[in-house]
file data_17.cif (mmCIF, C-alpha atoms)
data_structure
#
loop_
_atom_site.group_PDB
_atom_site.id
_atom_site.type_symbol
_atom_site.label_atom_id
_atom_site.label_comp_id
_atom_site.auth_asym_id
_atom_site.auth_seq_id
_atom_site.Cartn_x
_atom_site.Cartn_y
_atom_site.Cartn_z
ATOM 1 C CA MET A 1 40.151 88.115 32.240
ATOM 2 C CA SER A 2 42.737 87.252 29.601
ATOM 3 C CA SER A 3 43.561 89.567 26.725
ATOM 4 C CA GLU A 4 42.180 86.935 24.327
ATOM 5 C CA LEU A 5 38.821 86.799 26.080
ATOM 6 C CA ARG A 6 38.616 90.587 26.418
ATOM 7 C CA ALA A 7 39.370 91.025 22.720
ATOM 8 C CA ALA A 8 36.856 88.298 21.798
ATOM 9 C CA LEU A 9 34.170 90.022 23.844
ATOM 10 C CA VAL A 10 34.781 93.436 22.238
ATOM 11 C CA TYR A 11 35.016 91.888 18.751
ATOM 12 C CA VAL A 12 31.748 89.984 19.079
ATOM 13 C CA LEU A 13 29.838 92.852 20.686
ATOM 14 C CA LEU A 14 30.843 95.306 17.952
ATOM 15 C CA ALA A 15 30.061 92.827 15.172
ATOM 16 C CA PHE A 16 26.780 91.811 16.827
ATOM 17 C CA ALA A 17 25.746 95.453 17.217
ATOM 18 C CA LEU A 18 26.376 96.085 13.534
ATOM 19 C CA GLY A 19 24.426 92.931 12.634
ATOM 20 C CA PHE A 20 21.617 94.047 14.931
ATOM 21 C CA VAL A 21 21.351 97.260 12.899
ATOM 22 C CA LEU A 22 21.812 95.676 9.459
ATOM 23 C CA GLY A 23 19.540 92.672 10.079
ATOM 24 C CA PRO A 24 16.246 94.559 10.211
ATOM 25 C CA LEU A 25 17.300 96.664 7.210
ATOM 26 C CA ARG A 26 18.067 93.444 5.330
ATOM 27 C CA GLU A 27 14.701 91.907 6.222
ATOM 28 C CA LEU A 28 12.623 95.040 5.604
ATOM 29 C CA PHE A 29 14.206 96.388 2.435
ATOM 30 C CA LEU A 30 16.366 93.770 0.714
ATOM 31 C CA ALA A 31 14.569 90.497 1.414
ATOM 32 C CA PRO A 32 11.293 91.503 -0.300
ATOM 33 C CA ALA A 33 13.210 92.310 -3.491
ATOM 34 C CA LEU A 34 16.002 89.720 -3.407
ATOM 35 C CA GLY A 35 14.660 86.924 -1.213
ATOM 36 C CA ARG A 36 16.113 85.972 2.157
ATOM 37 C CA VAL A 37 19.264 84.352 0.771
ATOM 38 C CA GLY A 38 19.903 87.132 -1.748
ATOM 39 C CA ALA A 39 19.516 89.740 0.970
ATOM 40 C CA LEU A 40 21.911 87.835 3.219
ATOM 41 C CA LEU A 41 24.433 87.618 0.380
ATOM 42 C CA VAL A 42 24.342 91.430 0.189
ATOM 43 C CA GLU A 43 24.607 91.949 3.966
ATOM 44 C CA LEU A 44 27.246 89.333 4.783
ATOM 45 C CA PRO A 45 30.137 90.912 2.841
ATOM 46 C CA LEU A 46 29.451 94.216 4.610
ATOM 47 C CA LEU A 47 29.576 92.533 8.019
ATOM 48 C CA LEU A 48 32.704 90.575 7.155
ATOM 49 C CA ALA A 49 34.413 93.689 5.766
ATOM 50 C CA ALA A 50 33.665 95.452 9.046
ATOM 51 C CA CYS A 51 35.136 92.474 10.928
ATOM 52 C CA TRP A 52 38.197 92.561 8.657
ATOM 53 C CA TRP A 53 38.692 96.202 9.648
ATOM 54 C CA LEU A 54 37.859 95.653 13.328
ATOM 55 C CA ALA A 55 39.926 92.551 14.028
ATOM 56 C CA PRO A 56 43.458 94.018 14.011
ATOM 57 C CA ARG A 57 42.313 96.991 16.064
ATOM 58 C CA VAL A 58 40.521 94.936 18.678
ATOM 59 C CA MET A 59 43.113 92.141 18.728
ATOM 60 C CA ARG A 60 46.217 94.342 18.941
ATOM 61 C CA ARG A 61 47.118 93.007 22.402
ATOM 62 C CA VAL A 62 46.493 89.384 21.432
ATOM 63 C CA PRO A 63 49.552 87.561 20.084
ATOM 64 C CA PRO A 64 49.237 86.551 16.423
ATOM 65 C CA GLY A 65 48.821 82.896 15.612
ATOM 66 C CA VAL A 66 47.214 80.593 18.138
ATOM 67 C CA GLY A 67 46.250 83.466 20.458
ATOM 68 C CA ARG A 68 44.139 85.115 17.772
ATOM 69 C CA LEU A 69 42.721 81.778 16.699
ATOM 70 C CA ARG A 70 41.579 81.150 20.285
ATOM 71 C CA ALA A 71 40.151 84.677 20.496
ATOM 72 C CA GLY A 72 38.285 84.206 17.202
ATOM 73 C CA PHE A 73 36.728 80.943 18.335
ATOM 74 C CA ALA A 74 35.869 82.408 21.738
ATOM 75 C CA ALA A 75 34.117 85.214 19.844
ATOM 76 C CA LEU A 76 32.315 82.587 17.758
ATOM 77 C CA ALA A 77 31.083 80.812 20.903
ATOM 78 C CA LEU A 78 29.806 84.118 22.279
ATOM 79 C CA LEU A 79 28.177 84.980 18.940
ATOM 80 C CA LEU A 80 26.393 81.622 18.776
ATOM 81 C CA PHE A 81 25.091 82.159 22.313
ATOM 82 C CA LEU A 82 23.835 85.644 21.405
ATOM 83 C CA GLU A 83 22.260 84.474 18.136
ATOM 84 C CA CYS A 84 20.531 81.520 19.801
ATOM 85 C CA THR A 85 19.238 83.731 22.604
ATOM 86 C CA LEU A 86 17.999 86.296 20.091
ATOM 87 C CA GLY A 87 16.180 83.555 18.168
ATOM 88 C CA MET A 88 14.510 82.375 21.358
ATOM 89 C CA VAL A 89 13.488 85.858 22.498
ATOM 90 C CA LEU A 90 12.470 87.479 19.207
ATOM 91 C CA ARG A 91 11.215 84.481 17.261
ATOM 92 C CA GLY A 92 9.998 82.230 20.050
ATOM 93 C CA TRP A 93 12.287 79.413 18.936
ATOM 94 C CA ASP A 94 13.596 76.655 21.167
ATOM 95 C CA PHE A 95 17.138 75.288 20.838
ATOM 96 C CA PRO A 96 16.252 72.456 18.391
ATOM 97 C CA THR A 97 14.378 74.916 16.149
ATOM 98 C CA TRP A 98 17.404 77.216 16.147
ATOM 99 C CA LEU A 99 19.647 74.294 15.132
ATOM 100 C CA GLU A 100 17.201 73.247 12.404
ATOM 101 C CA SER A 101 17.377 76.758 10.923
ATOM 102 C CA PHE A 102 20.877 75.932 9.671
ATOM 103 C CA TRP A 103 19.531 73.157 7.391
ATOM 104 C CA THR A 104 18.398 75.730 4.825
ATOM 105 C CA ALA A 105 20.255 77.710 2.176
ATOM 106 C CA HIS A 106 19.986 80.799 4.401
ATOM 107 C CA GLY A 107 21.337 78.810 7.340
ATOM 108 C CA ALA A 108 24.256 77.424 5.323
ATOM 109 C CA VAL A 109 25.286 80.929 4.243
ATOM 110 C CA THR A 110 24.939 82.083 7.851
ATOM 111 C CA LEU A 111 27.171 79.229 9.071
ATOM 112 C CA ALA A 112 29.802 80.077 6.467
ATOM 113 C CA GLY A 113 29.709 83.668 7.705
ATOM 114 C CA TYR A 114 30.154 82.482 11.297
ATOM 115 C CA TRP A 115 33.268 80.493 10.368
ATOM 116 C CA LEU A 116 34.753 83.428 8.470
ATOM 117 C CA PHE A 117 33.970 85.712 11.431
ATOM 118 C CA ALA A 118 35.905 83.329 13.700
ATOM 119 C CA LEU A 119 38.903 83.051 11.384
ATOM 120 C CA ILE A 120 39.325 86.727 10.487
ATOM 121 C CA PRO A 121 41.294 87.625 13.670
ATOM 122 C CA TYR A 122 43.766 84.853 12.876
ATOM 123 C CA TRP A 123 44.088 85.800 9.195
ATOM 124 C CA ARG A 124 44.547 89.465 10.069
ATOM 125 C CA GLY A 125 47.318 88.474 12.478
ATOM 126 C CA VAL A 126 49.287 86.407 9.963
ATOM 127 C CA GLY A 127 52.602 88.119 9.429
ATOM 128 C CA ALA A 128 52.051 90.450 12.396
ATOM 129 C CA ARG A 129 54.583 90.626 15.166
ATOM 130 C CA GLY A 130 53.345 89.632 18.582
#
call {"tool": "encode", "arguments": {"input": "data_17.cif", "output": "structure tokens"}}
result
Amino acid sequence: MSSELRAALVYVLLAFALGFVLGPLRELFLAPALGRVGALLVELPLLLAACWWLAPRVMRRVPPGVGRLRAGFAALALLLFLECTLGMVLRGWDFPTWLESFWTAHGAVTLAGYWLFALIPYWRGVGARG
């Protein structure tokens, strides 16, 4: 397994684990008061800040530049697989229903978070020596 794929796997599993803890807290405590989108807008910066901290530590053996971009997008592919699977198992969704969930305000914010998640390893590697 390449260093990029190994780093992507560790990065996504750590971020997914944090999201798995924060998600129920968001839905149980924040969403009733702020709405689903408001609650997500509180949670997402926390997740992305954790990714900002994690990325250089997890990606230290991945060369900056294209290597970290590939690792970030590999992590994104793994995250989308995990999120889709979770939607199918916990919510009883099928694949088209999961895709349709992105055509909402909540889904648009989620997609923006996914893209930022994928790009953080690259951004954190800019200026680093490989």
call {"tool": "resolve_selection", "arguments": {"input": "data_17.cif", "expression": "the PyMOL selection byres ((chain A and resi 4) around 9)", "output": "PyMOL selection string"}}
result
chain A and resi 1-3+5-9+59+61-63+67-68+70-72+74
call {"tool": "residues_around", "arguments": {"input": "data_17.cif", "residues": "A:Arg60", "least_positions_apart": "3", "cutoff": "9 Å", "atoms": "all atoms listed in the file", "output": "ChimeraX atom specification"}}
result
/A:7,55-57,63-64,125,130
call {"tool": "closest_atom_pairs", "arguments": {"input": "data_17.cif", "of": "stretch 48-82 of chain A", "to": "stretch 12-23 of chain A", "cutoff": "10 Å", "atoms": "all atoms listed in the file", "output": "tab-separated table"}}
result
residue	atom	partner	partner_atom	distance
A:Leu48	CA	A:Ala15	CA	8.7
A:Ala50	CA	A:Ala15	CA	7.6
A:Cys51	CA	A:Ala15	CA	6.6
A:Leu54	CA	A:Leu14	CA	8.4
A:Ala55	CA	A:Ala15	CA	9.9
A:Val58	CA	A:Leu14	CA	9.7
A:Gly72	CA	A:Val12	CA	8.9
A:Ala74	CA	A:Val12	CA	9.0
A:Ala75	CA	A:Val12	CA	5.4
A:Leu76	CA	A:Val12	CA	7.5
A:Ala77	CA	A:Val12	CA	9.4
A:Leu78	CA	A:Val12	CA	7.0
A:Leu79	CA	A:Val12	CA	6.1
A:Leu80	CA	A:Val12	CA	9.9
A:Leu82	CA	A:Phe16	CA	8.2
call {"tool": "closest_residue", "arguments": {"input": "data_17.cif", "among": "A:Val10, A:Trp103, A:Gly65, A:Glu43", "to": "A:Ala31", "atoms": "only C-alpha atoms"}}
result
A:Glu43
call {"tool": "atom_distance", "arguments": {"input": "data_17.cif", "atom1": "atom CA of A:Phe73", "atom2": "atom CA of A:Leu47"}}
result
17.1 Å
call {"tool": "atom_distance", "arguments": {"input": "data_17.cif", "atom1": "atom CA of A:Tyr122", "atom2": "atom CA of A:Leu69"}}
result
5.0 Å
call {"tool": "residues_around", "arguments": {"input": "data_17.cif", "residues": "A:Pro96", "least_positions_apart": "5", "cutoff": "12 Å", "atoms": "all atoms listed in the file", "output": "ChimeraX atom specification"}}
result
/A:84,87-88,101-103
call {"tool": "closest_residue", "arguments": {"input": "data_17.cif", "among": "A:Ala105, A:Leu99, A:Leu111, A:Leu119", "to": "A:Trp52", "atoms": "only C-alpha atoms"}}
result
A:Leu119
call {"tool": "atom_distance", "arguments": {"input": "data_17.cif", "atom1": "atom CA of A:Thr97", "atom2": "atom CA of A:Arg36"}}
result
17.9 Å
call {"tool": "closest_residue", "arguments": {"input": "data_17.cif", "among": "A:Tyr11, A:Tyr114, A:Phe81, A:Trp123", "to": "A:Trp98", "atoms": "all atoms listed in the file"}}
result
A:Phe81
call {"tool": "residues_around", "arguments": {"input": "data_17.cif", "residues": "A:Ala39", "least_positions_apart": "6", "cutoff": "12 Å", "atoms": "all atoms listed in the file", "output": "PyMOL selection string"}}
result
chain A and resi 22-33+45-46+106+109-110
